[in-house]
file final.csv (CSV, C-alpha atoms and all ligand atoms)
chain,number,residue,atom,x,y,z
V,1,MET,CA,62.7,69.3,-37.8
V,2,ALA,CA,59.6,69.7,-35.7
V,3,LEU,CA,56.3,69.5,-37.7
V,4,ALA,CA,55.0,73.0,-38.3
V,5,LEU,CA,51.3,72.9,-37.4
V,6,GLY,CA,48.5,75.3,-38.0
V,7,VAL,CA,45.3,74.6,-36.0
V,8,LEU,CA,41.8,75.7,-37.1
V,9,ILE,CA,39.3,76.1,-34.3
V,10,SER,CA,35.8,77.6,-33.7
V,11,GLY,CA,35.4,77.2,-29.9
V,12,ARG,CA,36.5,75.7,-26.7
V,13,GLY,CA,39.9,74.5,-27.9
V,14,SER,CA,40.4,71.5,-25.6
V,15,ASN,CA,42.0,69.4,-28.4
V,16,LEU,CA,44.2,72.4,-29.2
V,17,MET,CA,45.3,72.4,-25.6
V,18,ALA,CA,45.9,68.6,-25.7
V,19,ILE,CA,48.2,69.2,-28.7
V,20,LEU,CA,50.1,72.0,-27.0
V,21,ASP,CA,50.4,69.8,-23.8
V,22,ALA,CA,51.7,66.9,-25.8
V,23,ILE,CA,54.3,69.1,-27.5
V,24,GLN,CA,55.4,70.5,-24.1
V,25,GLU,CA,55.7,66.9,-22.7
V,26,GLY,CA,57.8,65.9,-25.6
V,27,LYS,CA,55.2,63.4,-26.9
V,28,LEU,CA,54.6,65.3,-30.1
V,29,TYR,CA,57.5,66.6,-32.1
V,30,ALA,CA,55.8,69.7,-33.5
V,31,ILE,CA,55.4,73.4,-33.1
V,32,VAL,CA,52.1,75.3,-33.4
V,33,LYS,CA,52.9,78.2,-35.7
V,34,VAL,CA,49.4,79.7,-35.7
V,35,VAL,CA,45.8,79.1,-34.5
V,36,VAL,CA,43.1,80.4,-36.8
V,37,SER,CA,39.5,80.8,-35.7
V,38,ASN,CA,36.4,81.8,-37.7
V,39,LYS,CA,34.8,82.9,-34.4
V,40,ALA,CA,35.9,85.9,-32.4
V,41,LYS,CA,36.8,85.7,-28.7
V,42,VAL,CA,36.3,82.0,-28.3
V,43,ALA,CA,38.0,80.2,-25.4
V,44,GLY,CA,40.5,78.4,-27.6
V,45,LEU,CA,41.9,81.7,-28.9
V,46,GLU,CA,42.3,83.1,-25.4
V,47,LEU,CA,44.0,79.9,-24.2
V,48,ALA,CA,46.4,79.8,-27.2
V,49,LYS,CA,47.3,83.5,-26.6
V,50,LYS,CA,48.1,82.8,-23.0
V,51,ARG,CA,50.5,80.1,-24.1
V,52,GLY,CA,52.2,82.7,-26.4
V,53,ILE,CA,50.9,81.1,-29.6
V,54,GLN,CA,50.1,83.4,-32.6
V,55,THR,CA,46.4,83.6,-33.1
V,56,VAL,CA,44.2,85.0,-35.8
V,57,PHE,CA,40.5,85.6,-35.9
V,58,LEU,CA,39.5,85.7,-39.6
V,59,ASP,CA,36.0,87.1,-39.9
V,60,PRO,CA,33.9,85.3,-42.6
V,61,LYS,CA,31.5,88.3,-43.0
V,62,PRO,CA,33.6,90.5,-45.3
V,63,PHE,CA,34.0,87.5,-47.7
V,64,ALA,CA,30.2,87.3,-48.2
V,65,GLN,CA,30.4,89.8,-51.1
V,66,GLU,CA,32.8,87.6,-53.1
V,67,ASP,CA,31.5,85.4,-55.9
V,68,ASN,CA,32.4,82.3,-54.0
V,69,PRO,CA,32.4,83.4,-50.4
V,70,ARG,CA,33.4,80.0,-48.9
V,71,GLU,CA,36.3,79.5,-51.3
V,72,ALA,CA,37.4,83.2,-50.9
V,73,TYR,CA,37.4,82.7,-47.1
V,74,ASP,CA,39.4,79.5,-47.3
V,75,LEU,CA,42.0,81.1,-49.6
V,76,GLY,CA,42.3,83.8,-46.8
V,77,VAL,CA,42.8,81.0,-44.2
V,78,GLY,CA,45.3,79.3,-46.5
V,79,LYS,CA,47.3,82.5,-47.0
V,80,ILE,CA,47.6,83.0,-43.2
V,81,LEU,CA,48.7,79.3,-42.8
V,82,GLN,CA,51.3,79.6,-45.6
V,83,GLU,CA,52.6,83.0,-44.3
V,84,ASN,CA,53.3,81.4,-41.0
V,85,GLY,CA,55.2,78.5,-42.5
V,86,VAL,CA,52.6,75.8,-41.7
V,87,GLU,CA,53.1,72.4,-43.3
V,88,CYS,CA,50.3,70.5,-41.6
V,89,VAL,CA,46.9,71.6,-40.6
V,90,ALA,CA,44.9,70.2,-37.7
V,91,LEU,CA,41.2,70.9,-37.6
V,92,ALA,CA,40.1,70.9,-33.9
V,93,GLY,CA,36.5,71.7,-33.4
V,94,TYR,CA,36.5,73.8,-36.6
V,95,MET,CA,32.8,74.2,-37.5
V,96,ARG,CA,33.2,75.1,-41.2
V,97,ILE,CA,33.2,72.7,-44.2
V,98,VAL,CA,36.6,73.1,-45.8
V,99,THR,CA,36.6,73.8,-49.5
V,100,PRO,CA,38.8,71.9,-52.0
V,101,ALA,CA,40.7,75.2,-52.6
V,102,LEU,CA,42.2,74.9,-49.1
V,103,ILE,CA,42.5,71.2,-49.0
V,104,ARG,CA,44.6,71.4,-52.2
V,105,MET,CA,47.0,73.7,-50.5
V,106,PHE,CA,47.9,71.0,-48.0
V,107,PRO,CA,47.7,67.7,-49.8
V,108,TRP,CA,47.5,64.8,-47.3
V,109,LYS,CA,48.6,67.2,-44.7
V,110,MET,CA,45.2,68.2,-43.3
V,111,LEU,CA,43.7,66.2,-40.4
V,112,ASN,CA,40.4,66.3,-38.4
V,113,ILE,CA,39.2,64.7,-35.3
V,114,HIS,CA,35.6,63.5,-35.1
V,115,PRO,CA,33.7,62.3,-32.1
V,116,SER,CA,32.4,59.0,-33.4
V,117,LEU,CA,33.7,55.8,-34.9
V,118,LEU,CA,33.5,56.8,-38.6
V,119,PRO,CA,31.8,56.0,-40.9
V,120,ALA,CA,29.1,55.9,-38.2
V,121,PHE,CA,27.5,59.2,-37.2
V,122,PRO,CA,29.2,61.7,-39.4
V,123,GLY,CA,28.3,65.4,-39.3
V,124,LEU,CA,27.0,67.3,-36.3
V,125,ASP,CA,25.9,66.0,-32.9
V,126,SER,CA,27.6,62.6,-33.3
V,127,GLN,CA,27.3,61.7,-29.6
V,128,ARG,CA,23.5,62.4,-29.7
V,129,GLN,CA,23.2,60.4,-32.9
V,130,ALA,CA,25.0,57.4,-31.3
V,131,LEU,CA,22.8,57.5,-28.2
V,132,GLU,CA,19.6,57.8,-30.2
V,133,TRP,CA,20.6,55.0,-32.5
V,134,GLY,CA,21.1,52.8,-29.5
V,135,ALA,CA,24.7,52.1,-30.2
V,136,LYS,CA,26.6,50.2,-27.5
V,137,VAL,CA,30.0,51.6,-28.6
V,138,SER,CA,31.1,54.9,-30.0
V,139,GLY,CA,34.4,56.7,-29.9
V,140,CYS,CA,36.5,59.1,-31.9
V,141,SER,CA,38.4,59.1,-35.2
V,142,VAL,CA,41.3,61.0,-36.6
V,143,HIS,CA,41.1,61.2,-40.4
V,144,PHE,CA,42.5,63.0,-43.4
V,145,VAL,CA,40.4,65.8,-44.6
V,146,THR,CA,39.0,65.3,-48.1
V,147,GLU,CA,36.2,66.8,-50.1
V,148,GLY,CA,33.5,64.6,-48.5
V,149,VAL,CA,32.6,65.7,-45.0
V,150,ASP,CA,34.1,63.2,-42.4
V,151,GLU,CA,34.8,60.8,-45.3
V,152,GLY,CA,38.6,61.0,-45.6
V,153,PRO,CA,40.8,57.9,-44.9
V,154,ILE,CA,40.9,57.0,-41.2
V,155,ILE,CA,44.3,57.3,-39.4
V,156,SER,CA,43.3,56.1,-36.0
V,157,GLN,CA,40.3,55.4,-33.7
V,158,LYS,CA,39.5,54.8,-30.1
V,159,SER,CA,36.3,53.2,-28.9
V,160,VAL,CA,34.2,54.2,-25.9
V,161,ALA,CA,31.5,52.0,-24.4
V,162,ILE,CA,28.1,53.5,-24.1
V,163,ASN,CA,26.1,52.9,-20.9
V,164,GLU,CA,22.3,52.9,-20.6
V,165,GLU,CA,22.6,55.8,-18.1
V,166,ASP,CA,24.6,57.9,-20.6
V,167,THR,CA,23.5,61.4,-21.6
V,168,VAL,CA,25.0,63.5,-24.4
V,169,GLU,CA,27.1,65.2,-21.8
V,170,THR,CA,28.5,62.1,-20.1
V,171,LEU,CA,29.2,60.3,-23.3
V,172,SER,CA,30.8,63.4,-24.9
V,173,ALA,CA,33.0,63.9,-21.9
V,174,ARG,CA,34.3,60.3,-22.0
V,175,ILE,CA,34.9,60.5,-25.8
V,176,LEU,CA,36.7,63.9,-25.3
V,177,ASP,CA,39.1,62.3,-22.9
V,178,GLN,CA,40.0,59.8,-25.6
V,179,GLU,CA,40.2,62.5,-28.3
V,180,HIS,CA,42.9,64.2,-26.2
V,181,GLU,CA,45.1,61.2,-26.4
V,182,LEU,CA,44.3,60.1,-29.9
V,183,TYR,CA,44.9,63.4,-31.7
V,184,PRO,CA,48.4,64.1,-30.5
V,185,GLN,CA,49.3,60.5,-31.2
V,186,ALA,CA,48.0,60.7,-34.8
V,187,LEU,CA,49.9,64.0,-35.3
V,188,GLN,CA,53.0,62.4,-34.0
V,189,LEU,CA,52.7,59.7,-36.7
V,190,MET,CA,52.5,62.5,-39.2
V,191,ALA,CA,55.5,64.3,-37.7
V,192,GLN,CA,57.5,61.1,-38.0
V,193,GLY,CA,56.5,60.7,-41.6
V,194,ARG,CA,54.8,57.3,-40.8
V,195,LEU,CA,51.5,57.8,-42.6
V,196,GLN,CA,51.1,56.3,-46.0
V,197,VAL,CA,47.8,56.6,-47.9
V,198,GLU,CA,46.8,53.9,-50.3
V,199,GLY,CA,43.3,54.6,-51.6
V,200,ARG,CA,41.2,54.5,-48.5
V,201,ILE,CA,43.7,52.7,-46.4
V,202,VAL,CA,46.2,54.5,-44.2
V,203,ARG,CA,49.3,52.4,-43.5
V,204,ILE,CA,51.3,53.2,-40.4
V,205,LEU,CA,54.9,52.7,-41.3
V,206,PRO,CA,57.2,51.2,-38.6
V,301,LIG,C1,35.4,67.7,-30.4
V,301,LIG,O1,34.5,66.8,-29.9
V,301,LIG,C2,35.9,67.3,-31.8
V,301,LIG,O2,35.9,65.9,-32.0
V,301,LIG,C3,34.8,67.9,-32.6
V,301,LIG,O3,34.5,69.1,-32.0
V,301,LIG,C4,34.9,69.1,-30.6
V,301,LIG,C5,35.8,70.2,-30.4
V,301,LIG,O4,36.2,70.3,-29.0
V,301,LIG,N1,35.2,68.0,-34.0
V,301,LIG,P1,37.3,71.3,-28.6
V,301,LIG,O5,37.1,72.7,-29.2
V,301,LIG,O6,38.6,70.7,-29.1
V,301,LIG,O7,37.3,71.3,-27.1

call {"tool": "encode", "arguments": {"input": "final.csv", "output": "structure tokens"}}
result
Amino acid sequence: MALALGVLISGRGSNLMAILDAIQEGKLYAIVKVVVSNKAKVAGLELAKKRGIQTVFLDPKPFAQEDNPREAYDLGVGKILQENGVECVALAGYMRIVTPALIRMFPWKMLNIHPSLLPAFPGLDSQRQALEWGAKVSGCSVHFVTEGVDEGPIISQKSVAINEEDTVETLSARILDQEHELYPQALQLMAQGRLQVEGRIVRILP
């Protein structure tokens, strides 16, 4: 059975497109059941719609009146994912911190891609952080989503050399190219049931 994916986005959606391309090319045995965005009319939603994928914009604003707005919103997201038969969730440029309530709905079935070699440069603006630190190498990481932001067990990484001439834009572009290969590959390992988590270590089964 193909892995039933839900993808959470907030913007451009280039990783989402890489996932859809990999599925089309037969490199990723999955089906994207639904794409959920916390931002209206972003490019990623439009691109997904053009490919005939079910999309939902879930506006965080109405949830502001709830006692715990972030959790209430996440329960709303979780409901959409469950109603669409999602078994595995891929965060792809999703600019919200996911609460434990949502993580618990998909135990060890929620992945994120981050544009640095974690644990270096977590959080926002990782490419700028790497340049300002003077790092000679950065890259991207796919990891399980846990309660600590960008702290979950690492599934796979790719390195990218940093040149002295690099700007945030040039470095980000080279890292993004690697992201587009890395994320579908990691999801394929999940689809094949080859990821085994032992503490912080993710074992890739043969
Ligand atoms: C990527 O750099 C990803 O690593 C980070 O946000 C960016 C999303 O880009 N989490 P896109 O929306 O997939 O084009």

call {"tool": "closest_atom_pairs", "arguments": {"input": "final.csv", "of": "chain V", "to": "ligand LIG 301 (chain V)", "cutoff": "9 Å", "atoms": "only C-alpha atoms and all ligand atoms", "output": "tab-separated table"}}
result
residue	atom	partner	partner_atom	distance
V:Ile9	CA	V:LIG301	O5	6.5
V:Ser10	CA	V:LIG301	O5	6.8
V:Gly11	CA	V:LIG301	O5	4.9
V:Arg12	CA	V:LIG301	O5	4.0
V:Gly13	CA	V:LIG301	O5	3.6
V:Ser14	CA	V:LIG301	O7	3.4
V:Asn15	CA	V:LIG301	O6	3.7
V:Leu16	CA	V:LIG301	O6	5.9
V:Met17	CA	V:LIG301	O6	7.7
V:Ala18	CA	V:LIG301	O6	8.3
V:Ala43	CA	V:LIG301	O5	8.5
V:Gly44	CA	V:LIG301	O5	6.8
V:Leu91	CA	V:LIG301	N1	7.6
V:Ala92	CA	V:LIG301	O6	5.0
V:Gly93	CA	V:LIG301	C5	3.4
V:Tyr94	CA	V:LIG301	N1	6.5
V:Met95	CA	V:LIG301	N1	7.5
V:Asn112	CA	V:LIG301	N1	7.0
V:Ile113	CA	V:LIG301	O2	4.8
V:His114	CA	V:LIG301	O2	3.9
V:Pro115	CA	V:LIG301	O2	4.2
V:Ser116	CA	V:LIG301	O2	7.9
V:Leu124	CA	V:LIG301	N1	8.5
V:Ser126	CA	V:LIG301	O1	8.8
V:Gln127	CA	V:LIG301	O1	8.8
V:Cys140	CA	V:LIG301	O2	6.8
V:Ser141	CA	V:LIG301	O2	7.9
V:Val142	CA	V:LIG301	O2	8.6
V:Ser172	CA	V:LIG301	O1	7.1
V:Ala173	CA	V:LIG301	O1	8.6
V:Ile175	CA	V:LIG301	O1	7.5
V:Leu176	CA	V:LIG301	O1	5.9
V:Glu179	CA	V:LIG301	O2	6.6
V:His180	CA	V:LIG301	O6	8.3

call {"tool": "residues_near_point", "arguments": {"input": "final.csv", "point": "(26.4, 50.2, -27.5)", "cutoff": "12 Å", "atoms": "only C-alpha atoms", "output": "list in words"}}
result
Leu117, Gln127, Gln129, Ala130, Leu131, Glu132, Trp133, Gly134, Ala135, Lys136, Val137, Ser138, Gly139, Ser159, Val160, Ala161, Ile162, Asn163, Glu164, Glu165, Asp166 and Leu171 of chain V

call {"tool": "atom_distance", "arguments": {"input": "final.csv", "atom1": "atom CA of V:Arg128", "atom2": "atom CA of V:Leu111"}}
result
23.2 Å

call {"tool": "atom_distance", "arguments": {"input": "final.csv", "atom1": "atom CA of V:Asp21", "atom2": "atom CA of V:Asn38"}}
result
23.1 Å

call {"tool": "residues_around", "arguments": {"input": "final.csv", "residues": "stretch 34-37 of chain V", "least_positions_apart": "5", "cutoff": "12 Å", "atoms": "all atoms listed in the file", "output": "ChimeraX atom specification"}}
result
/V:4-13,16-17,19-20,42-49,51-60,73-74,76-96

call {"tool": "closest_residue", "arguments": {"input": "final.csv", "among": "V:Ile155, V:Gln65, V:Pro122, V:Pro184", "to": "V:Glu25", "atoms": "only C-alpha atoms"}}
result
V:Pro184

call {"tool": "atom_distance", "arguments": {"input": "final.csv", "atom1": "atom CA of V:Met1", "atom2": "atom CA of V:Pro153"}}
result
25.7 Å

call {"tool": "residues_around", "arguments": {"input": "final.csv", "residues": "V:Leu75", "least_positions_apart": "5", "cutoff": "9 Å", "atoms": "only C-alpha atoms", "output": "number ranges by chain"}}
result
V: 70, 80, 101-102, 105

call {"tool": "closest_residue", "arguments": {"input": "final.csv", "among": "V:Val149, V:Glu66, V:Ser156, V:Lys61", "to": "V:Leu187", "atoms": "all atoms listed in the file"}}
result
V:Ser156

call {"tool": "closest_residue", "arguments": {"input": "final.csv", "among": "V:Lys50, V:Asn68, V:Pro107, V:Leu189", "to": "V:Pro206", "atoms": "all atoms listed in the file"}}
result
V:Leu189

call {"tool": "build_atoms", "arguments": {"input": "final.csv", "residues": "stretch 50-64 of chain V", "atoms": "N, CA, C and O atoms", "output": "PDB file, in the frame of the given file"}}
result
ATOM      1  N   LYS V  50      47.414  82.881 -24.261  1.00  0.00           N
ATOM      2  CA  LYS V  50      48.100  82.800 -23.000  1.00  0.00           C
ATOM      3  C   LYS V  50      49.332  81.920 -23.038  1.00  0.00           C
ATOM      4  O   LYS V  50      50.252  82.069 -22.246  1.00  0.00           O
ATOM      5  N   ARG V  51      49.338  80.990 -23.987  1.00  0.00           N
ATOM      6  CA  ARG V  51      50.500  80.100 -24.100  1.00  0.00           C
ATOM      7  C   ARG V  51      51.545  80.749 -25.117  1.00  0.00           C
ATOM      8  O   ARG V  51      52.488  80.086 -25.546  1.00  0.00           O
ATOM      9  N   GLY V  52      51.259  81.983 -25.536  1.00  0.00           N
ATOM     10  CA  GLY V  52      52.200  82.700 -26.400  1.00  0.00           C
ATOM     11  C   GLY V  52      52.142  82.216 -27.865  1.00  0.00           C
ATOM     12  O   GLY V  52      53.097  82.413 -28.623  1.00  0.00           O
ATOM     13  N   ILE V  53      51.030  81.604 -28.237  1.00  0.00           N
ATOM     14  CA  ILE V  53      50.900  81.100 -29.600  1.00  0.00           C
ATOM     15  C   ILE V  53      50.230  82.258 -30.446  1.00  0.00           C
ATOM     16  O   ILE V  53      49.307  82.935 -29.966  1.00  0.00           O
ATOM     17  N   GLN V  54      50.704  82.414 -31.658  1.00  0.00           N
ATOM     18  CA  GLN V  54      50.100  83.400 -32.600  1.00  0.00           C
ATOM     19  C   GLN V  54      48.701  82.997 -32.926  1.00  0.00           C
ATOM     20  O   GLN V  54      48.445  81.843 -33.291  1.00  0.00           O
ATOM     21  N   THR V  55      47.759  83.918 -32.758  1.00  0.00           N
ATOM     22  CA  THR V  55      46.400  83.600 -33.100  1.00  0.00           C
ATOM     23  C   THR V  55      45.788  84.612 -34.061  1.00  0.00           C
ATOM     24  O   THR V  55      46.180  85.784 -34.059  1.00  0.00           O
ATOM     25  N   VAL V  56      44.876  84.149 -34.892  1.00  0.00           N
ATOM     26  CA  VAL V  56      44.200  85.000 -35.800  1.00  0.00           C
ATOM     27  C   VAL V  56      42.717  84.701 -35.854  1.00  0.00           C
ATOM     28  O   VAL V  56      42.341  83.528 -35.984  1.00  0.00           O
ATOM     29  N   PHE V  57      41.892  85.724 -35.679  1.00  0.00           N
ATOM     30  CA  PHE V  57      40.500  85.600 -35.900  1.00  0.00           C
ATOM     31  C   PHE V  57      40.224  86.089 -37.340  1.00  0.00           C
ATOM     32  O   PHE V  57      40.467  87.268 -37.620  1.00  0.00           O
ATOM     33  N   LEU V  58      39.791  85.226 -38.237  1.00  0.00           N
ATOM     34  CA  LEU V  58      39.500  85.700 -39.600  1.00  0.00           C
ATOM     35  C   LEU V  58      37.955  85.667 -39.741  1.00  0.00           C
ATOM     36  O   LEU V  58      37.323  84.600 -39.762  1.00  0.00           O
ATOM     37  N   ASP V  59      37.402  86.874 -39.820  1.00  0.00           N
ATOM     38  CA  ASP V  59      36.000  87.100 -39.900  1.00  0.00           C
ATOM     39  C   ASP V  59      35.412  86.649 -41.238  1.00  0.00           C
ATOM     40  O   ASP V  59      35.831  87.207 -42.248  1.00  0.00           O
ATOM     41  N   PRO V  60      34.480  85.707 -41.289  1.00  0.00           N
ATOM     42  CA  PRO V  60      33.900  85.300 -42.600  1.00  0.00           C
ATOM     43  C   PRO V  60      33.061  86.388 -43.234  1.00  0.00           C
ATOM     44  O   PRO V  60      32.887  86.387 -44.444  1.00  0.00           O
ATOM     45  N   LYS V  61      32.544  87.318 -42.436  1.00  0.00           N
ATOM     46  CA  LYS V  61      31.500  88.300 -43.000  1.00  0.00           C
ATOM     47  C   LYS V  61      31.999  89.063 -44.190  1.00  0.00           C
ATOM     48  O   LYS V  61      31.280  89.118 -45.183  1.00  0.00           O
ATOM     49  N   PRO V  62      33.186  89.693 -44.148  1.00  0.00           N
ATOM     50  CA  PRO V  62      33.600  90.500 -45.300  1.00  0.00           C
ATOM     51  C   PRO V  62      33.709  89.668 -46.602  1.00  0.00           C
ATOM     52  O   PRO V  62      33.629  90.225 -47.695  1.00  0.00           O
ATOM     53  N   PHE V  63      33.840  88.361 -46.476  1.00  0.00           N
ATOM     54  CA  PHE V  63      34.000  87.500 -47.700  1.00  0.00           C
ATOM     55  C   PHE V  63      32.643  87.235 -48.340  1.00  0.00           C
ATOM     56  O   PHE V  63      32.594  86.704 -49.447  1.00  0.00           O
ATOM     57  N   ALA V  64      31.562  87.618 -47.658  1.00  0.00           N
ATOM     58  CA  ALA V  64      30.200  87.300 -48.200  1.00  0.00           C
ATOM     59  C   ALA V  64      29.956  88.009 -49.514  1.00  0.00           C
ATOM     60  O   ALA V  64      29.139  87.542 -50.306  1.00  0.00           O
TER      61      ALA V  64
END
